[in-house]
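Heads up: the structure comes next, in structure tokens.
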Amino acid sequence: MVLFGSYIILATSYYLAICKLCAVAGENVNFIFGNHDHHSNPKSGSQDVVYLRNKQAILERILGRKSNSIQNDENEMKILEDFLNSRGKIFQYHEPIEISSVDPSSCSTAGNVSVTIFGGPFLSSLQPGNLFCKFGRISVPGLFVSSSQIQCNTPPHAAGSYPLEITQNGQDYTQSRYSFRFYHECTIHSIYPVTGPAIMGGTIVRILGEGFIESTSLYCRFGEAEVPATFVDSSEIHCSAPPTKEEGLSWLVLPDQRHNRTILEDQMLLPMSHHYPNYLGKLVNVEVTNNGQDYTWSGFKFLYQNDIQVMKLSRASGPSHGGTPVFISGSSFVNSTELTCKFGEETARAIFLTREAILCTSPPIPTHSFHTSQEMIVIIYVSNNAVDYSVGGHFKYSHSLPSGTYQPGAEEVDTLLRCPRGTYCSSYSLRNFTLCTPGTYQPLVGQSQCILCPIGYVCSEFGMAVPRICPAGYVCDDTGMYKGKPCPAGHWCDKGTATVSSSCLNHGILDASYSSLDTCFDNSTDDFGLQASYLPAQIWAERHLMPLDSDSTIQPIRGKFCLEESCLKYEDENDLGVFDKSFDYSSTGFALRRPHPCPQGVYCHPGTPTNMTISAGRASLFQCRDGVHCPEGSVYPNGIGSCKRGHYCRFGTRKPCPVGTYCPNEYTFEPLPCEPGTFNLMIGQAECSVCPVGYMCPSYGLRDPVICPPGMVCSRKGLASPNIRCPAGFYCPTGTQTSDPFRNDTTLRPYACTPGTYCLAGTGSNEVIEGEVSHAQFCAKGFFCEAASVSAKGSGPCPPGFICEKGTANPRPTPKGFFAEHSGTIEATACLPGFYAPTIENKDCYPCPPGSSCSLEGLFEAEECPPGTYRSDPEIGGFGSCIPCPQGTWSKNWQLREKGECTRCPTGVVCPLDGMTAPCSFDDLPQPFEPVVNFKGMPAFEYEFPIETMPQPFTLDECLALNSKSKHTDKQEFYYGELVPPYIDILGRGPHFRESDDLSIKYQSTAKCYRNAQPDGSLLYMRMADYYGPQYDIQTGFFHQGYGSSLLLNQMYAVSPPKGFDIRLTYYRGKGNGFIDLPKSRRFEPAFNCTKGFKLFNSTLVRHDVKRVVYTHPLHDYEGGYDIEKCPTFDPQLNCYIDVTFELHPPGECCNVEKFRQRAILLAADQFYHGTCESDKICAEGRSSEPEAKPCDDSFICDEGTSLENSLKYPCPAGFICGFGTTPDTKLEAPSGQLSHLCDEGRYCNRMISEVGNEVCPRNYICPTGTADPFEGRLANDGLLRMLPSPFSDESIHLHYLHGENFGFYCDHEMKCAASTKPSLKKRFQ
């Protein structure tokens, strides 16, 4: 037990016994339970402490006697301890511990160094495990040495200075905060020199490495000898090698002396040394310690060499320019590259001869060293390591040469030379030049003095011919500088800095008021529209848009914009103007500079060389602390003070709080994100803006608010999420600010769902996306929905006559051709075949009317029966289809209402098809007469040859003889004569011909041979002309509606025909619509005669599929134009045709051939010119189609309306010949009547005999004209068949001219037929 002061501390388990002792001693006892004072007994078993006052009285009570002092009697102490140990446990107090010193006070980060701590008092009676040392936060056990000394081993620890504390109870450490330093282990990279004198010692060894610390414990060890080191910086120290004893030296071979380093692989100390001779020396290790205990293990060696002894000099004088050889005798000279001599202050390399002799050449000395004397005596020194020199004697320099020159070699030899650049020669008797001293230079030769180094440059070495630019980190602001001044604090200096003057204020001398200068512009606003654009938020809200897209680049235009405390910039900051009469700055091409302010966020010590944080492995710029503002040119880590509200300063760089954040306090180094319900699109803000109505701010760090989503309402400020859903029947677009759809003071309100749709609660768009409850939905099928509908059934079911498809706003009337009988109809029903619906809103369809058909579904217009068809009764035809006109009839018109409206075929013609629309064609019309020439005995058309190669024409006899060669032997095809004008085309063709010869021509210059196979048209055309007679208007006095197109009608659906095309244009209520009651004549009537039309050549109707060249007739080419053979290419720019040789032809030759000159053209089609016959109109319709009707077969007679079935029903009468197209007419006037041609004499004709099928009369029989059967003697009874009266049977005979040289004998009756029967019509039809 140890007693301190007047207190004894006992465990309360024995407090009663102690209290009794205290009571006997007459002492007051205070019981302290925990933290409270009590004067009553504590509870049993508590751990409270009892403090007893007056230990002397207690001891006397225990011993039963007086005791002077407890410390004076060990027995008494033992008694008290035994008493207390038997009664309870001791809680011991001790005096505070003080640390007076620590040895060592630092160690490497590796730890495990024994540290002795002096101070105390330290207790010897402590229980084991209670004594600890704490380095920083790491505790290690301590070792008790004495009451004033303990020891601890350092733990591994991070580098830095940390407090060292002691505890004696394992818990309560001292609070002295004694500093103990942990450092990185130091290492050695190199040493210099590696050799030195042994006996004299004192070699200053320069040790380079890293991790050196400036402390009193910094030592070097050479072998076993320790010497203090001189700290230069963390990478360099200097140590003086201690002397050693001569008896410790031994003979060594220099190449064998090596550093023992693994990295350097036993690097040689003297790489250029030789094995011979040997030298006296001693090799020792060189190591370093930062704390006086822990030395490095680098492996570097230091070689002690025997000291040099100089005995004799071969020469003791020489010229000032040097070059005098001096042999030096002595001992311990070493053959190495470091063997040098020094003449005064001038150094010269020595040449090794032996260990006892070397050769040195005297170096030149500056002329200014002579002063007024012409001689100067210097001391000669010799060194083996170029560092430690031994005195060798005296040498006298003489000076006698002209200024700027020197004389090498022997004194009496005339070898005067000019001093080179970087030197000077200013005195006489010099044998060498003098190098310019540091701070000077000399760019010229033969100079007697050097020039002071100019401003902005430094001359740091001897013999400089040109100055060097002031190095980075220094200022060279004066002439003659051999080293620069450190760059001023708060700046960094680039190369060539020539002044300390800067544009930057020194922040180190400014007071705190500088940091509160108001250099900010504040245009902050809570309007988010103005924060991001130049339009207020209300405009953006009305447009339901945000000023910025989500991926837009943020360029804040609002906020607090503060000017940086930047330094002013001089115009000559990087081109400082300096004048020096001895130096031309413009010749260097290098501009001098001023010091640059240290960048913001960092501060600069004096001598900072660059604005890079790390330069050459060393720190150049130092980072400022967080939360402070370091503008340009800062000197201290705290800059100019705290970072103000609205800004943050990270490592000293002040920046305005960016968008989406705020900076509410000073010394802020990290901005805070805006909280939900707020946003910020401005910079430099101390508070964020509250989210406006119609928007929400759901997350942290929002730059701008989020527009209220569709289907939701944001009616309050500061919302992190919408607070109301859109009401049913309405939709809420983005940015809705109220849930009341009837407010008229804002457009940002709910809107009624569009008709045809319905909206559930929370709908955000009237655009329908099926299945998306956030979008409007289509009204159900069969129902219609007005505006603001809340369910799929909307306003009710669809009424009859209307249809309601999905999404119907208003019931839609059924379209034409459709009907809807019931309510709730989704899709209209198409009218069935046989019915149509001409109007909309139909509840039923109408039957198709006669003359039209409804053969398809969904017709809104009955289709008129097309040409060749009819329809009479709606019940006939099945589904209302039109019926083809029967055989024996035809029709070109629409909408025939019965079969009787079909036009009957003429007599002599068969209509073999149902539904005929083209009984005849364009090819059946009359053809023009075409001139032919004799081409190698064959007829060829005249227009196929040019005039130059035209063959010979046919003569009259040759032309008519061609008819016997024609395939139509019964018809004349070749004619000789002339064309009757005026209808003659440009090919020389015409419809009107006059038989003539060259003597009797009337209209042309010569008669020609012409060819025409059907001058009156085909047999089919002639029968139709005889049957239908003159045109309808000639006979009736008014026009009929015309013939309709034979093209098929496009079906009339409810869908409209293509745009711009009306299929009804050619027949509906106009041309070709309805029945035409054409006049007709079953029997031949001369009064029914008509003038037939004709064809003429039309040069514009060229066929492009077949190109054929023909030649115009020069007498009839009244048009004129271009020649296709001469000018095949047309140039629209020149408006002329170009021939194959690319020659342009003038008018009249090619481009505009004059009329009535022959030219080559392309063959074109003929154009038909109508006559007075109705058949011209009927046949001209089918230009390119084949005729559907045909002439009646030969040997048969065809009445009107003959079908294919009836065409062979009526054979030709016996004794007569019936050709093609024979009619039942019995009149002799009829062109193709059945009795018009009796059987030829010498032949007999029984029934079914054609024109060429009659038989030759048999032998021994007589066959007169009209013989039917020679065996029975039957003749044709033509008079009876014609029903001729008897007076006509015996008429007089008349001679009648037919044509050409043909004459005939006619009776009176036949003459009347030839004269058109009636005298009154003779003139009309002659």
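Chain labels follow the order of the structure tokens: the first chain is A, the next B, and so on; residue numbering restarts at 1 in every chain, and ligands are counted from 1 in their shown order.
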Spatial neighbours of Leu535 (chain A), 12 Å, only C-alpha atoms, chain gap at least 5 places, as a ChimeraX atom specification: /A:527-530,540-543,545-548
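Around Glu338 (chain A), within 10 Å and counting only C-alpha atoms, the residues found are Pro193, Thr195, Leu270, Arg349, Ala350, Ser383, Asn384, Asn385, Ala386 and Val387 of chain A, once anything fewer than 5 positions away on its own chain is removed.
Checking A:Cys885, A:Leu280, A:Cys598, A:Met1022 one by one against Gly1221 (chain A), counting only C-alpha atoms, you find the shortest gap at A:Met1022.
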Proximity to Ser1207 (chain A) - best of A:Val1256, A:Cys759, A:Leu417, A:Ala1189, only C-alpha atoms: A:Ala1189
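As for CA of Thr1036 (chain A) and CA of Arg1023 (chain A), they are spaced 21.2 Å apart.
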Atom-to-atom span, CA of Thr154 (chain A) and CA of Cys107 (chain A), Å: 7.9 Å
Coordinates-based distance that separates CA of Ser502 (chain A) from CA of Gln600 (chain A) (Å, one decimal): 15.8 Å
Exercise: Thr1091 (chain A) partners within 10 Å, only C-alpha atoms, chain neighbours under 6 positions left out, as a PyMOL selection string: chain A and resi 1025+1029-1031+1170-1174+1176+1325
Given the selection you just returned, output its residues as a file containing all heavy atoms, formatted as a CSV table (one decimal), in the first residue's frame.
chain,number,residue,atom,x,y,z
A,1025,ALA,N,-75.2,0.1,-144.5
A,1025,ALA,CA,-75.6,1.4,-145.1
A,1025,ALA,C,-76.9,1.3,-145.8
A,1025,ALA,O,-77.7,2.2,-145.8
A,1025,ALA,CB,-74.5,1.8,-146.1
A,1029,GLY,N,-79.6,3.3,-143.8
A,1029,GLY,CA,-79.8,4.5,-144.6
A,1029,GLY,C,-79.1,5.7,-144.1
A,1029,GLY,O,-78.1,5.6,-143.4
A,1030,PRO,N,-79.7,6.9,-144.4
A,1030,PRO,CA,-79.0,8.1,-144.0
A,1030,PRO,C,-79.0,8.3,-142.5
A,1030,PRO,O,-79.7,7.5,-141.7
A,1030,PRO,CB,-79.9,9.2,-144.6
A,1030,PRO,CG,-80.6,8.5,-145.7
A,1030,PRO,CD,-80.8,7.1,-145.3
A,1031,GLN,N,-78.3,9.3,-142.0
A,1031,GLN,CA,-78.1,9.5,-140.6
A,1031,GLN,C,-79.5,9.8,-140.0
A,1031,GLN,O,-80.4,10.3,-140.6
A,1031,GLN,CB,-77.1,10.6,-140.3
A,1031,GLN,CG,-75.7,10.2,-140.7
A,1031,GLN,CD,-74.7,11.3,-140.5
A,1031,GLN,OE1,-75.0,12.4,-140.0
A,1031,GLN,NE2,-73.4,11.1,-140.9
A,1170,HIS,N,-66.8,11.5,-142.0
A,1170,HIS,CA,-68.1,10.9,-142.1
A,1170,HIS,C,-68.9,11.5,-143.3
A,1170,HIS,O,-68.8,12.7,-143.7
A,1170,HIS,CB,-68.9,11.3,-140.8
A,1170,HIS,CG,-68.4,10.5,-139.6
A,1170,HIS,ND1,-68.8,9.2,-139.3
A,1170,HIS,CD2,-67.6,10.9,-138.7
A,1170,HIS,CE1,-68.2,8.9,-138.2
A,1170,HIS,NE2,-67.5,9.9,-137.8
A,1171,GLY,N,-69.7,10.6,-143.9
A,1171,GLY,CA,-70.6,11.0,-144.9
A,1171,GLY,C,-72.0,11.2,-144.3
A,1171,GLY,O,-72.1,11.6,-143.2
A,1172,THR,N,-73.1,10.8,-145.1
A,1172,THR,CA,-74.4,11.0,-144.6
A,1172,THR,C,-75.0,9.7,-144.1
A,1172,THR,O,-76.2,9.6,-143.7
A,1172,THR,CB,-75.3,11.6,-145.7
A,1172,THR,OG1,-75.3,10.7,-146.8
A,1172,THR,CG2,-74.8,12.9,-146.1
A,1173,CYS,N,-74.2,8.6,-144.1
A,1173,CYS,CA,-74.7,7.3,-143.7
A,1173,CYS,C,-74.7,7.1,-142.2
A,1173,CYS,O,-73.7,7.5,-141.6
A,1173,CYS,CB,-74.0,6.2,-144.4
A,1173,CYS,SG,-74.1,6.2,-146.2
A,1174,GLU,N,-75.7,6.5,-141.7
A,1174,GLU,CA,-75.7,6.2,-140.2
A,1174,GLU,C,-74.6,5.1,-140.0
A,1174,GLU,O,-74.1,5.0,-138.9
A,1174,GLU,CB,-77.1,5.7,-139.8
A,1174,GLU,CG,-77.2,5.4,-138.3
A,1174,GLU,CD,-77.2,6.6,-137.5
A,1174,GLU,OE1,-77.4,7.7,-138.0
A,1174,GLU,OE2,-76.8,6.6,-136.3
A,1176,ASP,N,-71.7,5.0,-141.1
A,1176,ASP,CA,-70.4,5.7,-140.8
A,1176,ASP,C,-70.1,5.8,-139.3
A,1176,ASP,O,-69.1,5.6,-138.8
A,1176,ASP,CB,-70.3,7.0,-141.5
A,1176,ASP,CG,-70.3,6.9,-143.0
A,1176,ASP,OD1,-70.1,5.8,-143.5
A,1176,ASP,OD2,-70.3,8.0,-143.7
A,1325,PHE,N,-79.9,11.4,-157.5
A,1325,PHE,CA,-79.0,10.3,-157.3
A,1325,PHE,C,-78.2,10.0,-158.5
A,1325,PHE,O,-77.5,9.0,-158.5
A,1325,PHE,CB,-79.8,9.1,-156.9
A,1325,PHE,CG,-80.5,9.2,-155.6
A,1325,PHE,CD1,-81.9,9.4,-155.5
A,1325,PHE,CD2,-79.8,9.2,-154.4
A,1325,PHE,CE1,-82.5,9.6,-154.3
A,1325,PHE,CE2,-80.5,9.3,-153.2
A,1325,PHE,CZ,-81.8,9.5,-153.1
Strand (DSSP E) residues, from DSSP on the backbone, in region 530-750 of chain A, as a VMD selection string: chain A and resid 560 to 562 596 to 597 602 to 604 614 to 615 618 to 619 621 to 623 647 to 650 653 to 656 661 to 662 672 to 673 678 to 679 689 to 690 695 to 696 706 to 707 712 to 713 724 to 725 730 to 731
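Every protein or nucleic acid residue with an atom no more than 12 Å from Ser235 (chain A), counting only C-alpha atoms and leaving out same-chain residues fewer than 3 positions away, appears here: Cys186, Thr187, Ile188, His189, Ser190, Ile191, Arg206, Ile207, Leu208, Gly209, Glu210, Gly211, Phe212, Ile213, Glu214, Thr230, Phe231, Val232, His238, Gly617 and Arg618 of chain A.
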Residue list (helix (DSSP H, G or I), DSSP) for region 230-321 of chain A, as a PyMOL selection string: chain A and resi 246-248+254-256
Surrounding residues of region 1268-1278 of chain A excluding itself and chain neighbours under 6 positions, 10 Å, only C-alpha atoms, as a PDB file with N, CA, C and O atoms, in the first residue's frame:
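Writing the result to part_28.pdb gives the following:
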ATOM      1  N   PRO A1213     -82.583 -19.799-153.833  1.00  0.00           N
ATOM      2  CA  PRO A1213     -83.564 -20.466-154.709  1.00  0.00           C
ATOM      3  C   PRO A1213     -82.885 -21.148-155.895  1.00  0.00           C
ATOM      4  O   PRO A1213     -81.813 -20.723-156.343  1.00  0.00           O
ATOM      5  N   ALA A1214     -83.510 -22.183-156.386  1.00  0.00           N
ATOM      6  CA  ALA A1214     -82.951 -22.929-157.508  1.00  0.00           C
ATOM      7  C   ALA A1214     -82.923 -22.061-158.740  1.00  0.00           C
ATOM      8  O   ALA A1214     -83.844 -21.289-159.000  1.00  0.00           O
ATOM      9  N   GLY A1215     -81.816 -22.148-159.494  1.00  0.00           N
ATOM     10  CA  GLY A1215     -81.662 -21.372-160.720  1.00  0.00           C
ATOM     11  C   GLY A1215     -81.048 -20.026-160.474  1.00  0.00           C
ATOM     12  O   GLY A1215     -80.854 -19.255-161.429  1.00  0.00           O
ATOM     13  N   PHE A1216     -80.712 -19.724-159.244  1.00  0.00           N
ATOM     14  CA  PHE A1216     -80.099 -18.443-158.917  1.00  0.00           C
ATOM     15  C   PHE A1216     -78.746 -18.681-158.220  1.00  0.00           C
ATOM     16  O   PHE A1216     -78.508 -19.744-157.638  1.00  0.00           O
ATOM     17  N   THR A1226     -86.476  -9.281-153.221  1.00  0.00           N
ATOM     18  CA  THR A1226     -86.740  -9.879-154.541  1.00  0.00           C
ATOM     19  C   THR A1226     -86.673  -8.853-155.658  1.00  0.00           C
ATOM     20  O   THR A1226     -86.819  -9.211-156.830  1.00  0.00           O
ATOM     21  N   LEU A1228     -85.136  -6.377-158.339  1.00  0.00           N
ATOM     22  CA  LEU A1228     -83.915  -6.338-159.118  1.00  0.00           C
ATOM     23  C   LEU A1228     -83.062  -5.134-158.741  1.00  0.00           C
ATOM     24  O   LEU A1228     -81.849  -5.134-158.939  1.00  0.00           O
ATOM     25  N   LEU A1235     -82.759 -12.653-155.907  1.00  0.00           N
ATOM     26  CA  LEU A1235     -83.088 -12.955-157.293  1.00  0.00           C
ATOM     27  C   LEU A1235     -82.310 -12.083-158.257  1.00  0.00           C
ATOM     28  O   LEU A1235     -82.698 -11.949-159.430  1.00  0.00           O
ATOM     29  N   SER A1236     -81.242 -11.471-157.786  1.00  0.00           N
ATOM     30  CA  SER A1236     -80.524 -10.501-158.613  1.00  0.00           C
ATOM     31  C   SER A1236     -79.570 -11.173-159.600  1.00  0.00           C
ATOM     32  O   SER A1236     -79.071 -10.533-160.512  1.00  0.00           O
ATOM     33  N   HIS A1237     -79.229 -12.470-159.431  1.00  0.00           N
ATOM     34  CA  HIS A1237     -78.222 -13.122-160.256  1.00  0.00           C
ATOM     35  C   HIS A1237     -78.714 -14.512-160.657  1.00  0.00           C
ATOM     36  O   HIS A1237     -78.732 -15.435-159.850  1.00  0.00           O
ATOM     37  N   LEU A1238     -79.219 -14.641-161.956  1.00  0.00           N
ATOM     38  CA  LEU A1238     -79.610 -15.947-162.474  1.00  0.00           C
ATOM     39  C   LEU A1238     -78.389 -16.792-162.754  1.00  0.00           C
ATOM     40  O   LEU A1238     -77.287 -16.276-162.959  1.00  0.00           O
ATOM     41  N   CYS A1239     -78.594 -18.068-162.733  1.00  0.00           N
ATOM     42  CA  CYS A1239     -77.496 -18.992-163.017  1.00  0.00           C
ATOM     43  C   CYS A1239     -76.999 -18.739-164.432  1.00  0.00           C
ATOM     44  O   CYS A1239     -77.793 -18.519-165.354  1.00  0.00           O
ATOM     45  N   ARG A1243     -74.591 -23.423-167.544  1.00  0.00           N
ATOM     46  CA  ARG A1243     -74.440 -23.994-166.211  1.00  0.00           C
ATOM     47  C   ARG A1243     -75.823 -24.162-165.593  1.00  0.00           C
ATOM     48  O   ARG A1243     -76.783 -23.534-166.025  1.00  0.00           O
ATOM     49  N   TYR A1244     -75.921 -24.954-164.560  1.00  0.00           N
ATOM     50  CA  TYR A1244     -77.196 -25.086-163.873  1.00  0.00           C
ATOM     51  C   TYR A1244     -76.927 -24.915-162.385  1.00  0.00           C
ATOM     52  O   TYR A1244     -75.855 -25.232-161.861  1.00  0.00           O
ATOM     53  N   CYS A1245     -77.911 -24.378-161.669  1.00  0.00           N
ATOM     54  CA  CYS A1245     -77.760 -24.038-160.247  1.00  0.00           C
ATOM     55  C   CYS A1245     -78.902 -24.652-159.467  1.00  0.00           C
ATOM     56  O   CYS A1245     -80.059 -24.254-159.622  1.00  0.00           O
ATOM     57  N   ASN A1246     -78.594 -25.659-158.730  1.00  0.00           N
ATOM     58  CA  ASN A1246     -79.557 -26.261-157.835  1.00  0.00           C
ATOM     59  C   ASN A1246     -79.526 -25.506-156.508  1.00  0.00           C
ATOM     60  O   ASN A1246     -78.840 -24.512-156.342  1.00  0.00           O
ATOM     61  N   ARG A1247     -80.199 -25.925-155.455  1.00  0.00           N
ATOM     62  CA  ARG A1247     -80.209 -25.244-154.144  1.00  0.00           C
ATOM     63  C   ARG A1247     -78.805 -25.273-153.509  1.00  0.00           C
ATOM     64  O   ARG A1247     -78.025 -26.183-153.735  1.00  0.00           O
ATOM     65  N   ASN A1254     -71.648 -23.294-159.066  1.00  0.00           N
ATOM     66  CA  ASN A1254     -72.590 -23.839-160.039  1.00  0.00           C
ATOM     67  C   ASN A1254     -71.896 -24.876-160.924  1.00  0.00           C
ATOM     68  O   ASN A1254     -70.681 -24.834-161.123  1.00  0.00           O
ATOM     69  N   CYS A1257     -73.119 -27.461-167.419  1.00  0.00           N
ATOM     70  CA  CYS A1257     -74.245 -28.193-168.006  1.00  0.00           C
ATOM     71  C   CYS A1257     -73.764 -29.523-168.586  1.00  0.00           C
ATOM     72  O   CYS A1257     -72.738 -29.571-169.270  1.00  0.00           O
ATOM     73  N   PRO A1258     -74.452 -30.617-168.300  1.00  0.00           N
ATOM     74  CA  PRO A1258     -73.984 -31.922-168.789  1.00  0.00           C
ATOM     75  C   PRO A1258     -74.149 -32.039-170.312  1.00  0.00           C
ATOM     76  O   PRO A1258     -74.873 -31.261-170.940  1.00  0.00           O
ATOM     77  N   ASN A1260     -75.205 -33.182-173.938  1.00  0.00           N
ATOM     78  CA  ASN A1260     -76.487 -33.520-174.545  1.00  0.00           C
ATOM     79  C   ASN A1260     -77.654 -32.829-173.846  1.00  0.00           C
ATOM     80  O   ASN A1260     -78.787 -33.239-173.998  1.00  0.00           O
ATOM     81  N   TYR A1261     -77.279 -31.822-172.984  1.00  0.00           N
ATOM     82  CA  TYR A1261     -78.339 -31.054-172.336  1.00  0.00           C
ATOM     83  C   TYR A1261     -78.145 -29.595-172.676  1.00  0.00           C
ATOM     84  O   TYR A1261     -77.026 -29.149-172.909  1.00  0.00           O
ATOM     85  N   ILE A1262     -79.252 -28.856-172.647  1.00  0.00           N
ATOM     86  CA  ILE A1262     -79.230 -27.417-172.911  1.00  0.00           C
ATOM     87  C   ILE A1262     -79.525 -26.728-171.590  1.00  0.00           C
ATOM     88  O   ILE A1262     -80.508 -27.039-170.907  1.00  0.00           O
ATOM     89  N   LEU A1284     -93.778  -9.975-161.015  1.00  0.00           N
ATOM     90  CA  LEU A1284     -93.837  -8.942-162.048  1.00  0.00           C
ATOM     91  C   LEU A1284     -95.171  -9.069-162.805  1.00  0.00           C
ATOM     92  O   LEU A1284     -95.617 -10.169-163.123  1.00  0.00           O
TER      93      LEU A1284
END
All residues 6 Å or closer to region 330-337 of chain A, only C-alpha atoms, same chain fewer than 6 positions away omitted, as a PyMOL selection string: chain A and resi 273+308-311+352+355-356
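Take the candidates A:Arg221, A:His274, A:His992, A:Arg703 and check each one against Asn290 (chain A) using only C-alpha atoms; the shortest distance goes to A:Arg221.
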Minimum-distance residue to Phe180 (chain A), chosen among A:Asn432, A:Ser146, A:Ser105, A:Ser689 (using only C-alpha atoms): A:Ser105
